[in-house]
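So the structure is just underneath, and the comments pick up after that.
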Amino acid sequence: MRTHSKETQSSLSPQMALQILKEGNQRFINNLKANRNLLQQVNETATGQFPFATVLSCIDSRTSAELIFDQGLGDIFSIRIAGNILNEDILGSMEFATKVVGTKLILVLGHTKCGAIVGACNHVEMGNLTTLLNKIQPAIFNEKETKESRDGSNTDFVNNVTEINVHLTIERIRRESPIIAELEEQGHIKIVGGLYNVETGSVAFYE
């Protein structure tokens with residue numbers, strides 16, 4: 001499988017880009033890797049890069065986007081931060097990825113058993129982590145379904161907050177980046193969410 005060129009990148013629709021990730025995840029959970037020569041991809045990307053997707057995911061060691069979507073060098077922009085939260089620097093990175101480099105898809109990817117989400121649900125405060133976890137509080141506030149314990153010990157509550165956090169992040173991307181919002185309105189890109197299951201390796205997509 002060869003690295004994307006300017007021509008192959010520009011020929012992809014946002015929906016096709018999403019389909020590539022879906023198919024990659026299917027290969028991953030079936031332990032069927034695409035045939036790649038990574039050293040060859042180093043050479044092919046030495047003079048430029050033409051990734052087709054931008055993935056915002058967690059720093060969790062189990063959630064490497066390149067692995068769970070079976071992608072190679074030069075295929076995706078991977079933005080990783082605890083709790084897959086959003087800030088100005090990440091938005092700027094997304095604007096660079098889409099407007100300048102030409103990726104066709106933004107995926108906000110949460111995952112089950114996320115330590116950052118659990119920490120936010122438990123109102124953990126620790127140094128600079130406090131500021132980061134505060135960015136997850138809107139998802140906790142918006143979680144209305146759980147009637148029993150609303151803390152990190154309640155798996156259903158944590159899962160609900162995790163999903164809400166993904167949706168709120170997508171809303172913020174559209175609201176806080178006119179550049180990305182315009183690209184989406186014009187059909188040049190697609191913004192979707194997803195939830196990675198650390199027990200099965202599968203990704204559920206929110207389109």
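By convention in this document, the chains of the structure tokens carry letters A, B, ... by their order, each chain's residues are numbered from 1, and ligands are numbered from 1 in the order they are shown.
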
For A:Ser153: contacts at 9 Å, only C-alpha atoms, fewer than 2 positions along chain excluded, given as a PDB file with N, CA, C and O atoms, in the first residue's frame:
```pdb
ATOM      1  N   VAL A 118     -12.574   9.721  33.846  1.00  0.00           N
ATOM      2  CA  VAL A 118     -12.818   9.257  35.217  1.00  0.00           C
ATOM      3  C   VAL A 118     -12.342  10.307  36.220  1.00  0.00           C
ATOM      4  O   VAL A 118     -13.035  10.634  37.194  1.00  0.00           O
ATOM      5  N   CYS A 121     -14.756  13.117  36.314  1.00  0.00           N
ATOM      6  CA  CYS A 121     -15.984  12.703  37.011  1.00  0.00           C
ATOM      7  C   CYS A 121     -15.777  12.682  38.523  1.00  0.00           C
ATOM      8  O   CYS A 121     -16.720  12.904  39.286  1.00  0.00           O
ATOM      9  N   ASN A 122     -14.543  12.429  38.953  1.00  0.00           N
ATOM     10  CA  ASN A 122     -14.225  12.397  40.382  1.00  0.00           C
ATOM     11  C   ASN A 122     -13.726  13.740  40.894  1.00  0.00           C
ATOM     12  O   ASN A 122     -13.313  13.851  42.050  1.00  0.00           O
ATOM     13  N   SER A 149     -25.098   6.956  41.312  1.00  0.00           N
ATOM     14  CA  SER A 149     -23.849   7.675  41.598  1.00  0.00           C
ATOM     15  C   SER A 149     -23.264   8.316  40.337  1.00  0.00           C
ATOM     16  O   SER A 149     -23.030   7.661  39.332  1.00  0.00           O
ATOM     17  N   ARG A 150     -23.023   9.626  40.436  1.00  0.00           N
ATOM     18  CA  ARG A 150     -22.474  10.375  39.308  1.00  0.00           C
ATOM     19  C   ARG A 150     -20.990  10.645  39.560  1.00  0.00           C
ATOM     20  O   ARG A 150     -20.568  11.782  39.800  1.00  0.00           O
ATOM     21  N   ASP A 151     -20.216   9.550  39.528  1.00  0.00           N
ATOM     22  CA  ASP A 151     -18.771   9.683  39.721  1.00  0.00           C
ATOM     23  C   ASP A 151     -18.070   8.595  38.918  1.00  0.00           C
ATOM     24  O   ASP A 151     -18.695   7.810  38.212  1.00  0.00           O
ATOM     25  N   THR A 155     -19.739   3.020  35.724  1.00  0.00           N
ATOM     26  CA  THR A 155     -19.300   2.808  34.332  1.00  0.00           C
ATOM     27  C   THR A 155     -20.237   3.452  33.335  1.00  0.00           C
ATOM     28  O   THR A 155     -19.793   4.068  32.350  1.00  0.00           O
ATOM     29  N   PHE A 157     -22.192   6.022  33.728  1.00  0.00           N
ATOM     30  CA  PHE A 157     -22.030   7.471  33.818  1.00  0.00           C
ATOM     31  C   PHE A 157     -20.768   7.904  33.067  1.00  0.00           C
ATOM     32  O   PHE A 157     -20.785   8.840  32.265  1.00  0.00           O
ATOM     33  N   VAL A 158     -19.671   7.215  33.309  1.00  0.00           N
ATOM     34  CA  VAL A 158     -18.409   7.544  32.643  1.00  0.00           C
ATOM     35  C   VAL A 158     -18.544   7.398  31.125  1.00  0.00           C
ATOM     36  O   VAL A 158     -18.075   8.248  30.363  1.00  0.00           O
TER      37      VAL A 158
END
```

### Query
So which residues touch A:Phe69 within 7 Å, counting only C-alpha atoms, skipping near sequence neighbours fewer than 6 positions away, as a PyMOL selection string?
chain A and resi 21+24-25+28

For the selection you just gave me, I'd like the residues written to a file as an mmCIF file, in the first residue's frame, keeping N, CA and C atoms.
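Saved as result03.cif:
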```
data_model
loop_
_atom_site.group_PDB
_atom_site.id
_atom_site.type_symbol
_atom_site.label_atom_id
_atom_site.label_comp_id
_atom_site.auth_asym_id
_atom_site.auth_seq_id
_atom_site.Cartn_x
_atom_site.Cartn_y
_atom_site.Cartn_z
ATOM 1 N N LEU A 21 -10.865 4.899 7.085
ATOM 2 C CA LEU A 21 -10.654 4.649 8.515
ATOM 3 C C LEU A 21 -11.484 3.460 8.993
ATOM 4 N N GLY A 24 -9.854 0.342 7.820
ATOM 5 C CA GLY A 24 -8.625 0.125 8.571
ATOM 6 C C GLY A 24 -8.892 -0.455 9.943
ATOM 7 N N ASN A 25 -9.944 0.033 10.600
ATOM 8 C CA ASN A 25 -10.288 -0.498 11.912
ATOM 9 C C ASN A 25 -10.755 -1.944 11.823
ATOM 10 N N PHE A 28 -7.735 -4.002 11.649
ATOM 11 C CA PHE A 28 -7.093 -4.032 12.959
ATOM 12 C C PHE A 28 -7.731 -5.075 13.870
#
```

### Message
List the spatial neighbours of stretch 83-100 of chain A as a PyMOL selection string - criterion: any atom at most 9 Å away, only C-alpha atoms, same-chain residues fewer than 6 positions off excluded.
### Response
chain A and resi 51+53-54+56-60+77+106+108-111+114-117+132-133+135-136+162+165-166+169+172-173+176-177+179-180+183+188-189

### Query
Among chain A, which ones does DSSP place in alpha helix (DSSP H), written as a ChimeraX atom specification?
/A:6-11,14-29,38-44,65-68,88-95,115-121,129-134,137-142,155-176,178-185

### Query
So how far away is atom CA of A:Gly74 from atom CA of A:Leu32, in Å?
20.0 Å

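Around A:Tyr206, within 9 Å and counting only C-alpha atoms, the residues found are His167, Val192, Gly193, Gly194 and Leu195 of chain A, once anything fewer than 3 positions away on its own chain is removed.
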
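Considering the residues A:Asn159, A:Thr8, A:Ile81, A:Gly48 and counting only C-alpha atoms, A:Ser64 has its shortest atom-to-atom contact with A:Ile81.
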
### Message
So that I can check the secondary structure, give me every residue of stretch 79-162 of chain A assigned strand (DSSP E or B) by backbone DSSP, as a list in words.
### Response
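Of stretch 79-162 of chain A, the ones in strand (DSSP E or B) are Ile79, Arg80, Leu105, Ile106, Leu107, Val108, Leu109, Gly110 and His111 of chain A.
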
Using the selection just defined, write its residues with N, CA, C and O atoms as a PDB file, in the first residue's frame.
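Everything below was put into result15.pdb:
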```pdb
ATOM      1  N   ILE A  79      -3.437  14.075  16.525  1.00  0.00           N
ATOM      2  CA  ILE A  79      -3.367  15.034  17.627  1.00  0.00           C
ATOM      3  C   ILE A  79      -3.786  14.299  18.888  1.00  0.00           C
ATOM      4  O   ILE A  79      -4.897  13.769  18.956  1.00  0.00           O
ATOM      5  N   ARG A  80      -2.908  14.262  19.894  1.00  0.00           N
ATOM      6  CA  ARG A  80      -3.223  13.486  21.083  1.00  0.00           C
ATOM      7  C   ARG A  80      -3.056  14.324  22.337  1.00  0.00           C
ATOM      8  O   ARG A  80      -2.041  15.004  22.522  1.00  0.00           O
ATOM      9  N   LEU A 105     -11.053  14.913   6.473  1.00  0.00           N
ATOM     10  CA  LEU A 105     -11.857  14.427   7.596  1.00  0.00           C
ATOM     11  C   LEU A 105     -11.234  14.846   8.910  1.00  0.00           C
ATOM     12  O   LEU A 105     -10.018  14.816   9.066  1.00  0.00           O
ATOM     13  N   ILE A 106     -12.095  15.267   9.848  1.00  0.00           N
ATOM     14  CA  ILE A 106     -11.678  15.445  11.237  1.00  0.00           C
ATOM     15  C   ILE A 106     -12.451  14.437  12.070  1.00  0.00           C
ATOM     16  O   ILE A 106     -13.682  14.410  12.040  1.00  0.00           O
ATOM     17  N   LEU A 107     -11.726  13.603  12.786  1.00  0.00           N
ATOM     18  CA  LEU A 107     -12.347  12.619  13.682  1.00  0.00           C
ATOM     19  C   LEU A 107     -11.975  12.954  15.112  1.00  0.00           C
ATOM     20  O   LEU A 107     -10.790  13.047  15.443  1.00  0.00           O
ATOM     21  N   VAL A 108     -12.978  13.160  15.957  1.00  0.00           N
ATOM     22  CA  VAL A 108     -12.766  13.321  17.395  1.00  0.00           C
ATOM     23  C   VAL A 108     -13.026  11.956  18.022  1.00  0.00           C
ATOM     24  O   VAL A 108     -14.147  11.450  17.986  1.00  0.00           O
ATOM     25  N   LEU A 109     -11.977  11.361  18.580  1.00  0.00           N
ATOM     26  CA  LEU A 109     -12.060   9.979  19.037  1.00  0.00           C
ATOM     27  C   LEU A 109     -11.897   9.866  20.548  1.00  0.00           C
ATOM     28  O   LEU A 109     -10.820  10.116  21.096  1.00  0.00           O
ATOM     29  N   GLY A 110     -12.980   9.495  21.218  1.00  0.00           N
ATOM     30  CA  GLY A 110     -12.919   9.174  22.636  1.00  0.00           C
ATOM     31  C   GLY A 110     -12.683   7.681  22.805  1.00  0.00           C
ATOM     32  O   GLY A 110     -12.648   6.929  21.829  1.00  0.00           O
ATOM     33  N   HIS A 111     -12.545   7.236  24.043  1.00  0.00           N
ATOM     34  CA  HIS A 111     -12.360   5.800  24.260  1.00  0.00           C
ATOM     35  C   HIS A 111     -12.899   5.393  25.618  1.00  0.00           C
ATOM     36  O   HIS A 111     -13.010   6.211  26.539  1.00  0.00           O
TER      37      HIS A 111
END
```
